[in-house]
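Below is one structure, written out as structure tokens; the observations come after it.
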Amino acid sequence: MPYGNVYEDDMRARAYAKLEFPGTYYLAYRDIPGIISKYAGGKTALDFGCGTGRSTRFLKELGFDCTGVDISENMLKQARAKDADGDYRLVKEGDLDRFDKNTFDLILCAFTFDNIPTAEIKIKNFRAIAEALKPEGIAINLVSSPDIYINEWASFTTRDYPENKKAESGDIVKIVMKDVEDQRPVEDIIWSDESYREVYLAAGLHIMDTLRPLGRESEPYEWINETRIAPWVIYVLKKE
């Protein structure tokens with residue numbers, strides 16, 4: 001099936017720009033400051049696939065000098081509107097040549113690779129990331145677990161897409177975001193842990209840590225499956 005950039009859509013970009021860290025999304029970001037404290041040094045960061053700038057602003061609040069890059073001008077337009085002083089740049093797929101090699105202490109990819117099809121294109125992007133990292137820098141790749149597409153969540157529903165259960169790495173899956181007014185299904189590319197490990201190896205990256213954050217009963221959210229099934233996977237990567 002053909003796959004396009006679902007966020008190159010003005011209505012979706014406007015809806016996504018209002019999204020911060022509700023519900024299930026909270027779990028995606030909750031542990032990142034601790035991961036950064038443990039593994040990252042320095043203060044230069046790149047938000048790879050920054051969209052409307054949510055993760056860029058998150059890193060700036062943690063004290064990073066952060067640049068956001070994306071392939072969608074519609075998303076970047078929203079990012080600049082919310083953060084007029086921010087550094088947001090349009091790039092081509094897998095092309096970070098505008099940055100010198102060995103530039104960044106940290107590169108964060110928050111959900112970016114949920115929307116990048118095929119191993120070939122993923123490897124191209126990860127190679128660009130590896131080249132842009134400093135020798136001691138780290139990349140954090142935050143992705144949707146395959147489980148997110150076959151269960152119900154505080155912030156997502158997949159009940160209308162039972163075909164997701166048969167999906168394999170590289171297939172298109174559908175999910176609806178409950179925290180935005182745009183209720184059209186989002187099309188993602190499902191990708192297994194085994195498949196991610198293969199593309200990391202091919203791109204010259206190795207895994208330092210893998211985390212699968214779970215919700216806690218003490219947290220102020222009405223969890224559905226989050227306390228027993230991890231909706232996200234966080235890979236901490238370093239270049240060979």
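We label chains A, B, ... in the order they appear in the structure tokens, count residues from 1 in each chain, and number ligands from 1 in the order shown.
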
(request) Go through chain A and collect every residue that DSSP, computed from the backbone, puts in strand (DSSP E or B); the answer should be as a PyMOL selection string. (result) chain A and resi 44-48+65-70+87-90+104-110+133-144+156-157+172-177+186-189+205-211+232-239

(request) Could you tell me which of A:Gly41, A:Gly215, A:Pro33, A:Gly170 comes closest to Asn115 of chain A if we count only C-alpha atoms? (result) A:Gly170

Can I get the residues of segment 54-109 of chain A within 12 Å of segment 13-26 of chain A, each with the closest pair of atoms and their distance in Å to one decimal, using only C-alpha atoms, sorted chain first then ascending number, as CSV?
```
residue,atom,partner,partner_atom,distance
A:Arg54,CA,A:Glu20,CA,6.6
A:Ser55,CA,A:Glu20,CA,9.1
A:Thr56,CA,A:Glu20,CA,11.7
A:Arg57,CA,A:Glu20,CA,10.2
A:Phe58,CA,A:Glu20,CA,9.6
A:Ser72,CA,A:Ala13,CA,9.3
A:Glu73,CA,A:Ala13,CA,9.7
A:Asn74,CA,A:Ala13,CA,6.3
A:Met75,CA,A:Ala13,CA,5.3
A:Leu76,CA,A:Ala13,CA,8.8
A:Lys77,CA,A:Ala13,CA,8.8
A:Gln78,CA,A:Ala17,CA,6.2
A:Ala79,CA,A:Ala17,CA,7.3
A:Arg80,CA,A:Ala17,CA,10.4
A:Ala81,CA,A:Ala17,CA,9.4
A:Lys82,CA,A:Ala17,CA,8.1
A:Asp83,CA,A:Ala17,CA,11.1
```

Filtering to N, CA and C atoms, could you give me those residues as a PDB file, in the first residue's frame?
```pdb
ATOM      1  N   ARG A  54       6.643  20.176  20.048  1.00  0.00           N
ATOM      2  CA  ARG A  54       6.405  19.766  21.431  1.00  0.00           C
ATOM      3  C   ARG A  54       7.684  19.251  22.098  1.00  0.00           C
ATOM      4  N   SER A  55       8.401  18.345  21.421  1.00  0.00           N
ATOM      5  CA  SER A  55       9.618  17.775  22.004  1.00  0.00           C
ATOM      6  C   SER A  55      10.763  18.782  22.021  1.00  0.00           C
ATOM      7  N   THR A  56      10.781  19.684  21.046  1.00  0.00           N
ATOM      8  CA  THR A  56      11.808  20.731  21.028  1.00  0.00           C
ATOM      9  C   THR A  56      11.663  21.616  22.249  1.00  0.00           C
ATOM     10  N   ARG A  57      10.448  22.035  22.533  1.00  0.00           N
ATOM     11  CA  ARG A  57      10.207  22.875  23.711  1.00  0.00           C
ATOM     12  C   ARG A  57      10.523  22.104  24.991  1.00  0.00           C
ATOM     13  N   PHE A  58      10.212  20.825  25.002  1.00  0.00           N
ATOM     14  CA  PHE A  58      10.508  19.956  26.145  1.00  0.00           C
ATOM     15  C   PHE A  58      12.016  19.948  26.421  1.00  0.00           C
ATOM     16  N   SER A  72       7.847  18.415   7.172  1.00  0.00           N
ATOM     17  CA  SER A  72       6.526  18.988   6.931  1.00  0.00           C
ATOM     18  C   SER A  72       6.518  20.474   7.235  1.00  0.00           C
ATOM     19  N   GLU A  73       6.336  21.285   6.210  1.00  0.00           N
ATOM     20  CA  GLU A  73       6.276  22.732   6.405  1.00  0.00           C
ATOM     21  C   GLU A  73       5.043  23.127   7.212  1.00  0.00           C
ATOM     22  N   ASN A  74       3.934  22.406   7.043  1.00  0.00           N
ATOM     23  CA  ASN A  74       2.736  22.716   7.814  1.00  0.00           C
ATOM     24  C   ASN A  74       2.975  22.548   9.308  1.00  0.00           C
ATOM     25  N   MET A  75       3.687  21.498   9.694  1.00  0.00           N
ATOM     26  CA  MET A  75       3.977  21.279  11.105  1.00  0.00           C
ATOM     27  C   MET A  75       4.948  22.348  11.621  1.00  0.00           C
ATOM     28  N   LEU A  76       5.949  22.676  10.832  1.00  0.00           N
ATOM     29  CA  LEU A  76       6.925  23.684  11.256  1.00  0.00           C
ATOM     30  C   LEU A  76       6.274  25.059  11.418  1.00  0.00           C
ATOM     31  N   LYS A  77       5.288  25.346  10.589  1.00  0.00           N
ATOM     32  CA  LYS A  77       4.576  26.617  10.701  1.00  0.00           C
ATOM     33  C   LYS A  77       3.918  26.733  12.075  1.00  0.00           C
ATOM     34  N   GLN A  78       3.341  25.633  12.539  1.00  0.00           N
ATOM     35  CA  GLN A  78       2.729  25.621  13.868  1.00  0.00           C
ATOM     36  C   GLN A  78       3.789  25.726  14.965  1.00  0.00           C
ATOM     37  N   ALA A  79       4.926  25.053  14.778  1.00  0.00           N
ATOM     38  CA  ALA A  79       6.002  25.109  15.773  1.00  0.00           C
ATOM     39  C   ALA A  79       6.500  26.543  15.946  1.00  0.00           C
ATOM     40  N   ARG A  80       6.699  27.241  14.837  1.00  0.00           N
ATOM     41  CA  ARG A  80       7.204  28.619  14.908  1.00  0.00           C
ATOM     42  C   ARG A  80       6.168  29.554  15.531  1.00  0.00           C
ATOM     43  N   ALA A  81       4.884  29.278  15.297  1.00  0.00           N
ATOM     44  CA  ALA A  81       3.834  30.111  15.886  1.00  0.00           C
ATOM     45  C   ALA A  81       3.807  29.966  17.407  1.00  0.00           C
ATOM     46  N   LYS A  82       4.090  28.774  17.912  1.00  0.00           N
ATOM     47  CA  LYS A  82       4.075  28.526  19.354  1.00  0.00           C
ATOM     48  C   LYS A  82       5.390  28.933  20.022  1.00  0.00           C
ATOM     49  N   ASP A  83       6.474  28.994  19.259  1.00  0.00           N
ATOM     50  CA  ASP A  83       7.801  29.235  19.815  1.00  0.00           C
ATOM     51  C   ASP A  83       8.571  30.116  18.839  1.00  0.00           C
TER      52      ASP A  83
END
```

(request) Using only C-alpha atoms, find the one residue out of A:Asn141, A:Asn102, A:Thr52, A:Thr67 that sits nearest to Ile207 of chain A. (result) A:Asn141

Show me a table, sorted first by chain and then by increasing residue number, of the residues of segment 9-62 of chain A having an atom at most 12 Å from segment 89-97 of chain A, each with its shortest atom pair and the distance in Å to one decimal, counting only C-alpha atoms and written as JSON lines.
```
{"residue": "A:Leu46", "atom": "CA", "partner": "A:Leu96", "partner_atom": "CA", "distance": 10.5}
{"residue": "A:Asp47", "atom": "CA", "partner": "A:Arg89", "partner_atom": "CA", "distance": 10.4}
{"residue": "A:Phe48", "atom": "CA", "partner": "A:Leu96", "partner_atom": "CA", "distance": 9.6}
{"residue": "A:Gly49", "atom": "CA", "partner": "A:Val91", "partner_atom": "CA", "distance": 9.4}
{"residue": "A:Cys50", "atom": "CA", "partner": "A:Arg89", "partner_atom": "CA", "distance": 9.3}
{"residue": "A:Gly51", "atom": "CA", "partner": "A:Leu90", "partner_atom": "CA", "distance": 10.3}
{"residue": "A:Thr52", "atom": "CA", "partner": "A:Arg89", "partner_atom": "CA", "distance": 11.5}
{"residue": "A:Gly53", "atom": "CA", "partner": "A:Arg89", "partner_atom": "CA", "distance": 10.9}
{"residue": "A:Thr56", "atom": "CA", "partner": "A:Arg89", "partner_atom": "CA", "distance": 11.8}
```

Please produce a file of those selected residues containing N, CA and C atoms, as a PDB file, in the first residue's frame.
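Output below, filename selection.pdb:
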```
ATOM      1  N   LEU A  46      19.242  17.996  18.980  1.00  0.00           N
ATOM      2  CA  LEU A  46      18.447  18.043  17.756  1.00  0.00           C
ATOM      3  C   LEU A  46      17.171  17.255  17.999  1.00  0.00           C
ATOM      4  N   ASP A  47      16.042  17.886  17.699  1.00  0.00           N
ATOM      5  CA  ASP A  47      14.760  17.187  17.733  1.00  0.00           C
ATOM      6  C   ASP A  47      14.457  16.767  16.299  1.00  0.00           C
ATOM      7  N   PHE A  48      14.682  15.496  16.016  1.00  0.00           N
ATOM      8  CA  PHE A  48      14.592  14.961  14.654  1.00  0.00           C
ATOM      9  C   PHE A  48      13.150  14.519  14.396  1.00  0.00           C
ATOM     10  N   GLY A  49      12.478  15.239  13.479  1.00  0.00           N
ATOM     11  CA  GLY A  49      11.057  15.002  13.267  1.00  0.00           C
ATOM     12  C   GLY A  49      10.263  15.745  14.329  1.00  0.00           C
ATOM     13  N   CYS A  50      10.531  17.046  14.435  1.00  0.00           N
ATOM     14  CA  CYS A  50      10.009  17.831  15.560  1.00  0.00           C
ATOM     15  C   CYS A  50       8.523  18.121  15.465  1.00  0.00           C
ATOM     16  N   GLY A  51       7.937  17.973  14.276  1.00  0.00           N
ATOM     17  CA  GLY A  51       6.512  18.262  14.136  1.00  0.00           C
ATOM     18  C   GLY A  51       6.192  19.690  14.545  1.00  0.00           C
ATOM     19  N   THR A  52       5.242  19.854  15.458  1.00  0.00           N
ATOM     20  CA  THR A  52       4.838  21.186  15.910  1.00  0.00           C
ATOM     21  C   THR A  52       5.664  21.680  17.083  1.00  0.00           C
ATOM     22  N   GLY A  53       6.769  20.999  17.383  1.00  0.00           N
ATOM     23  CA  GLY A  53       7.736  21.521  18.337  1.00  0.00           C
ATOM     24  C   GLY A  53       7.547  21.116  19.780  1.00  0.00           C
ATOM     25  N   THR A  56      10.781  19.684  21.046  1.00  0.00           N
ATOM     26  CA  THR A  56      11.808  20.731  21.028  1.00  0.00           C
ATOM     27  C   THR A  56      11.663  21.616  22.249  1.00  0.00           C
TER      28      THR A  56
END
```

(message) Just want the 12 Å neighbourhood of Pro162 of chain A, counted on only C-alpha atoms, with same-chain residues fewer than 3 positions away dropped. Output as a list in words.
(response) Tyr149, Ile150, Asn151, Glu152, Thr157, Thr158, Arg159, Lys165, Lys166, Ala167, Val173, Lys174 and Ile175 of chain A
